[in-house]
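Engineer: mmCIF, C-alpha atoms and all ligand atoms, saved as my_file_19.cif, coming up:
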data_work
#
loop_
_atom_site.label_atom_id
_atom_site.label_comp_id
_atom_site.auth_asym_id
_atom_site.auth_seq_id
_atom_site.Cartn_x
_atom_site.Cartn_y
_atom_site.Cartn_z
CA MET A 249 0.00 0.00 0.00
CA SER A 250 1.92 3.02 -1.25
CA ASN A 251 -0.27 5.70 0.35
CA ILE A 252 -0.31 4.29 3.89
CA THR A 253 1.42 7.39 5.36
CA GLU A 254 -1.03 9.79 3.68
CA ILE A 255 -3.95 7.82 5.12
CA LEU A 256 -2.42 7.46 8.59
CA LEU A 257 -1.57 11.15 8.83
CA GLN A 258 -4.64 12.31 6.87
CA LEU A 259 -2.37 14.65 4.91
CA LYS A 260 -3.52 14.40 1.34
CA ASP A 261 -1.54 16.40 -1.18
CA LYS A 262 -0.59 14.60 -4.39
CA ASN A 263 2.46 16.86 -4.64
CA ILE A 264 3.98 15.38 -1.47
CA THR A 265 5.90 12.14 -1.72
CA PHE A 266 6.34 10.48 1.68
CA ASP A 267 9.39 8.40 2.46
CA HIS A 268 7.63 5.26 3.61
CA GLU A 269 10.91 3.55 4.56
CA ASN A 270 12.11 6.24 6.93
CA ILE A 271 10.81 7.28 10.34
CA SER A 272 13.05 8.51 13.18
CA GLU A 273 12.79 8.77 16.95
CA TYR A 274 14.28 11.98 18.34
CA VAL A 275 14.08 13.92 21.58
CA ILE A 276 12.53 17.25 20.61
CA ARG A 277 11.68 19.86 23.27
CA HIS A 278 12.67 17.27 25.93
CA LYS A 279 10.14 14.73 24.68
CA LYS A 280 10.53 11.53 22.68
CA SER A 281 9.09 12.36 19.26
CA LEU A 282 8.57 10.77 15.87
CA VAL A 283 9.82 12.41 12.68
CA LEU A 284 8.47 11.42 9.27
CA TYR A 285 9.90 12.60 5.98
CA GLY A 286 8.41 13.90 2.74
CA LYS A 287 9.21 15.93 -0.37
CA LEU A 288 7.00 18.61 -1.90
CA THR A 289 7.44 19.49 -5.55
CA TYR A 290 5.36 20.33 -8.64
CA THR A 291 5.45 22.42 -11.77
CA PRO A 292 4.08 25.89 -10.89
CA ASP A 293 1.44 27.42 -13.18
CA CYS A 294 3.06 30.84 -12.94
CA CYS A 295 5.38 33.05 -10.89
CA PRO A 296 3.50 34.44 -7.82
CA ASN A 297 5.47 37.69 -8.18
CA CYS A 298 5.23 38.64 -11.90
CA HIS A 299 2.76 35.95 -13.08
CA ALA A 300 5.08 34.85 -15.89
CA THR A 301 4.22 31.33 -17.06
CA ASN A 302 7.57 30.57 -18.69
CA GLY A 303 11.14 30.65 -17.48
CA ILE A 304 10.51 29.14 -14.02
CA VAL A 305 13.21 26.68 -13.00
CA LYS A 306 13.78 24.49 -9.95
CA ASN A 307 16.35 26.04 -7.67
CA GLY A 308 17.26 24.04 -4.57
CA THR A 309 15.04 23.11 -1.62
CA ARG A 310 14.05 24.37 1.83
CA GLN A 311 13.47 22.17 4.86
CA SER A 312 10.50 22.71 7.20
CA ARG A 313 9.66 20.79 10.34
CA LEU A 314 5.88 20.73 10.64
CA SER A 315 3.96 19.75 13.78
CA LEU A 316 1.56 16.85 13.23
CA CYS A 317 -1.16 15.33 15.43
CA GLN A 318 0.29 12.90 17.97
CA ILE A 319 1.00 9.30 16.89
CA SER A 320 0.72 6.56 19.56
CA GLY A 321 0.90 9.19 22.29
CA LEU A 322 4.14 10.70 20.94
CA ASN A 323 4.62 14.16 19.49
CA ALA A 324 5.10 13.87 15.75
CA TYR A 325 6.66 16.01 13.05
CA LEU A 326 6.94 15.96 9.29
CA SER A 327 10.32 16.97 7.96
CA LEU A 328 9.18 18.38 4.62
CA THR A 329 11.66 19.19 1.88
CA LYS A 330 10.01 21.94 -0.15
CA GLN A 331 11.06 22.73 -3.71
CA ARG A 332 12.39 26.25 -4.34
CA PHE A 333 11.84 27.91 -7.72
CA TYR A 334 13.57 30.76 -9.56
CA CYS A 335 11.75 33.01 -12.04
CA LYS A 336 14.02 34.19 -14.86
CA SER A 337 11.61 36.99 -15.80
CA CYS A 338 11.68 38.89 -12.47
CA GLN A 339 14.70 37.18 -10.88
CA SER A 340 12.71 36.27 -7.77
CA SER A 341 12.67 33.00 -5.85
CA PHE A 342 9.72 31.31 -4.21
CA THR A 343 8.94 28.10 -2.34
CA ALA A 344 6.42 25.37 -3.18
CA GLU A 345 3.17 25.61 -1.21
CA THR A 346 0.81 22.93 0.05
CA PRO A 347 -2.74 22.94 1.45
CA ILE A 348 -1.62 20.84 4.44
CA VAL A 349 -0.04 23.91 6.07
CA ASP A 350 -0.51 27.68 5.75
CA LYS A 351 2.31 29.79 4.31
CA TYR A 352 4.90 30.82 6.97
CA CYS A 353 3.25 28.43 9.48
CA PHE A 354 4.74 25.27 10.98
CA ILE A 355 1.57 23.75 12.43
CA THR A 356 -0.33 21.55 9.99
CA ASN A 357 -3.95 22.41 9.28
CA ARG A 358 -4.87 18.90 10.45
CA LEU A 359 -3.44 19.69 13.91
CA LYS A 360 -5.19 23.09 13.93
CA GLN A 361 -8.47 21.28 13.17
CA LYS A 362 -7.80 18.89 16.07
CA ILE A 363 -7.22 21.89 18.37
CA MET A 364 -10.46 23.49 17.13
CA ASP A 365 -12.33 20.29 18.00
CA THR A 366 -10.86 20.43 21.53
CA LEU A 367 -12.09 24.03 21.97
CA ALA A 368 -15.62 22.70 22.37
CA GLU A 369 -14.56 21.10 25.69
CA THR A 370 -14.53 23.08 28.94
CA ILE A 371 -10.77 22.93 29.44
CA SER A 372 -8.14 25.62 29.69
CA GLU A 373 -6.11 27.00 26.78
CA THR A 374 -2.97 26.02 28.69
CA TYR A 375 -4.11 22.40 28.89
CA ILE A 376 -5.03 22.32 25.18
CA ALA A 377 -1.60 23.78 24.31
CA LYS A 378 0.18 21.15 26.42
CA GLN A 379 -1.94 18.33 25.04
CA HIS A 380 -1.16 19.26 21.43
CA ASN A 381 2.45 20.35 21.91
CA VAL A 382 1.87 23.93 20.76
CA SER A 383 2.17 27.30 22.52
CA VAL A 384 -0.75 28.95 24.35
CA HIS A 385 -0.30 31.80 21.84
CA THR A 386 -1.07 29.36 18.98
CA VAL A 387 -4.24 28.14 20.74
CA ARG A 388 -5.37 31.78 21.22
CA ARG A 389 -4.78 32.53 17.53
CA ILE A 390 -6.97 29.55 16.61
CA VAL A 391 -9.68 30.68 19.09
CA ASP A 392 -9.63 34.15 17.49
CA LYS A 393 -9.88 32.65 14.00
CA VAL A 394 -12.82 30.43 14.97
CA SER A 395 -14.64 33.26 16.78
CA SER A 396 -14.25 35.58 13.78
CA THR A 397 -15.99 33.00 11.56
CA LEU A 398 -18.87 32.80 14.06
CA LYS A 399 -19.54 36.54 14.06
CA VAL A 400 -22.97 37.56 12.82
CA ASN A 401 -22.91 39.41 9.51
CA HIS A 402 -25.46 42.16 10.15
CA ASN A 403 -25.78 43.08 6.50
CA THR A 404 -27.05 39.71 5.39
CA GLN A 405 -28.03 37.73 8.47
CA LEU A 406 -30.37 39.98 10.51
CA PRO A 407 -34.02 38.89 10.28
CA GLN A 408 -36.81 41.40 9.65
CA HIS A 409 -38.20 41.15 13.19
CA LEU A 410 -36.11 40.88 16.34
CA CYS A 411 -36.91 39.86 19.92
CA PHE A 412 -34.41 40.93 22.56
CA ASP A 413 -33.89 40.91 26.30
CA GLU A 414 -31.24 41.41 28.97
CA PHE A 415 -30.01 38.79 31.39
CA LYS A 416 -27.44 38.23 34.11
CA SER A 417 -24.52 36.47 32.50
CA VAL A 418 -20.92 36.35 33.69
CA LYS A 419 -19.12 38.29 36.41
CA SER A 420 -16.67 39.68 33.88
CA SER A 421 -19.44 41.39 31.93
CA ASP A 422 -18.89 45.16 32.23
CA SER A 423 -22.44 46.07 33.10
CA ALA A 424 -23.23 42.75 34.80
CA MET A 425 -26.07 42.31 32.31
CA SER A 426 -25.83 40.92 28.78
CA PHE A 427 -27.96 41.43 25.70
CA ILE A 428 -29.59 38.49 23.92
CA TYR A 429 -31.59 38.61 20.71
CA CYS A 430 -33.41 36.20 18.43
CA ASP A 431 -35.55 36.01 15.30
CA ALA A 432 -39.08 37.00 16.36
CA LEU A 433 -40.71 34.63 13.87
CA THR A 434 -38.57 31.48 14.16
CA HIS A 435 -37.38 32.13 17.78
CA GLN A 436 -33.91 31.11 16.67
CA LEU A 437 -31.17 32.60 18.85
CA ILE A 438 -28.88 34.87 16.82
CA ASP A 439 -26.27 36.12 19.28
CA VAL A 440 -25.41 37.21 22.81
CA VAL A 441 -23.63 40.54 23.37
CA HIS A 442 -21.48 40.63 26.49
CA ASP A 443 -23.05 43.83 27.86
CA ARG A 444 -26.27 45.76 27.26
CA LYS A 445 -24.94 49.33 27.44
CA SER A 446 -26.04 51.46 24.51
CA SER A 447 -22.46 52.32 23.56
CA THR A 448 -21.62 48.61 23.30
CA LEU A 449 -24.76 47.90 21.29
CA LEU A 450 -24.06 50.81 18.94
CA ASP A 451 -20.57 49.43 18.36
CA TYR A 452 -21.97 45.96 17.85
CA PHE A 453 -24.66 46.88 15.32
ZN ZN A 501 8.50 36.29 -11.78
#
Take the structure from the file and write it as structure tokens.

Structural biologist:
Amino acid sequence: MSNITEILLQLKDKNITFDHENISEYVIRHKKSLVLYGKLTYTPDCCPNCHATNGIVKNGTRQSRLSLCQISGLNAYLSLTKQRFYCKSCQSSFTAETPIVDKYCFITNRLKQKIMDTLAETISETYIAKQHNVSVHTVRRIVDKVSSTLKVNHNTQLPQHLCFDEFKSVKSSDSAMSFIYCDALTHQLIDVVHDRKSSTLLDYF
């Protein structure tokens, strides 16, 4: 089975060739860890700088160590050799990209997804960071990203008729009372605003 690593890791990019024969055990950040190896290369459609379609040549490689989800309780990494390219038209260099990880990031999107799944649990950011071998800062960035996608778009998502009320929510709420509103016809909850003061509501809407 030639694609066993892709399936095990759930990292599916046809441009990555995994080295199925090679897996290493290293101590990384004081913990026994597994390192897998892969190469990323393809023929680019065009130069991302000048958009030239011709005159792009392969020009060396760059090594990245990407954090993966744990394997058998051990922290795991993918040592990915990424192809570098040189554009003869604008004399610029660029590196091959892959959907398994964002540009300039070393945490795979699969691991970010796993962290997002954990956010639904009532556990601390510190614990999530420790569990997934990432920094608390990384967990906070993912929380911010998720919360921004959950924000209500007032231009397109407000119903014609609203029902609203105030209620006692959390101690940290500035005015001790929060604002809740729903669709008056379907009774579907739309959002909760952390405080009911008019200045906050004006900012919100
Ligand atoms: Zn170019």

Engineer: Would you please work out which residue, of A:Gln339, A:Ser312, A:Gln379, A:Ser272, is nearest to ligand ZN 501 (chain A) when using only C-alpha atoms and all ligand atoms?

Structural biologist: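 With only C-alpha atoms and all ligand atoms as the atom set, the closest residue is A:Gln339.
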
Engineer: Select the residues contacting ligand ZN 501 (chain A) at a distance of at most 12 Å, based on all atoms listed in the file, then format the selection as a list in words.

Structural biologist: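 Result of the 12 Å neighbour search around ligand ZN 501 (chain A): Pro292, Asp293, Cys294, Cys295, Pro296, Asn297, Cys298, His299, Ala300, Thr301, Asn302, Gly303, Ile304, Val305, Phe333, Tyr334, Cys335, Lys336, Ser337, Cys338, Gln339, Ser340, Ser341 and Phe342 of chain A.
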
Engineer: Env of Leu259 in chain A: 12 Å cut, atoms = only C-alpha atoms, seq-sep filter 6 positions within chain, self excluded. Answer as a list in words.

Structural biologist: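 Contacts, with the query itself left out: Asn251, Ile252, Thr253, Thr265, Phe266, Gly286, Leu314, Leu316, Cys317, Leu326, Thr346, Pro347, Ile348, Val349, Thr356, Asn357, Arg358 and Leu359 of chain A.
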
Engineer: Between CA of Ile376 in chain A and CA of Ile363 in chain A, what distance in Å does the model show, to one decimal?

Structural biologist: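 We find that CA of Ile376 in chain A and CA of Ile363 in chain A lie 7.2 Å from each other.
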
Engineer: List the neighbours of Ala344 in chain A out to 8 Å using all atoms listed in the file; skip same-chain residues closer than 3 positions along the sequence, and give me the result as a PyMOL selection string.

Structural biologist: chain A and resi 288-290+330-333

Engineer: Take CA of Gln436 in chain A and CA of Ile371 in chain A and report the distance between them in Å, one decimal.

Structural biologist: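 Separation between CA of Gln436 in chain A and CA of Ile371 in chain A: 27.7 Å.
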
Engineer: Using all atoms listed in the file for the distances, tell me which of A:Thr370, A:Thr343, A:Leu328, A:Asn263 is nearest to Gly308 in chain A.

Structural biologist: A:Thr343

Engineer: In Å, rounded to a single decimal, give me how far CA of Cys353 in chain A is from CA of Tyr274 in chain A.

Structural biologist: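 CA of Cys353 in chain A lies at a distance of 21.7 Å from CA of Tyr274 in chain A.
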
Engineer: Compare A:Ser320, A:Ser395, A:Gln405, A:Asn381 by their minimum atom-to-atom distance to Lys279 in chain A, counting only C-alpha atoms, and give me the closest one.

Structural biologist: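 Using only C-alpha atoms, the shortest distance to Lys279 in chain A belongs to A:Asn381.
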
Engineer: Report the centre and edge lengths, in Å to one decimal, of an axis-aligned box enclosing every atom of range 430-445 of chain A listed in the file, padded by 5 Å on each side, as lines of an AutoDock Vina configuration file.

Structural biologist:
center_x = -31.1
center_y = 40.2
center_z = 20.9
size_x = 29.2
size_y = 28.2
size_z = 24.0

Engineer: Which residue, A:Val440, A:Ile355, A:Val387, A:Val400, has the smallest gap to Asp413 in chain A when you use only C-alpha atoms?

Structural biologist: A:Val440
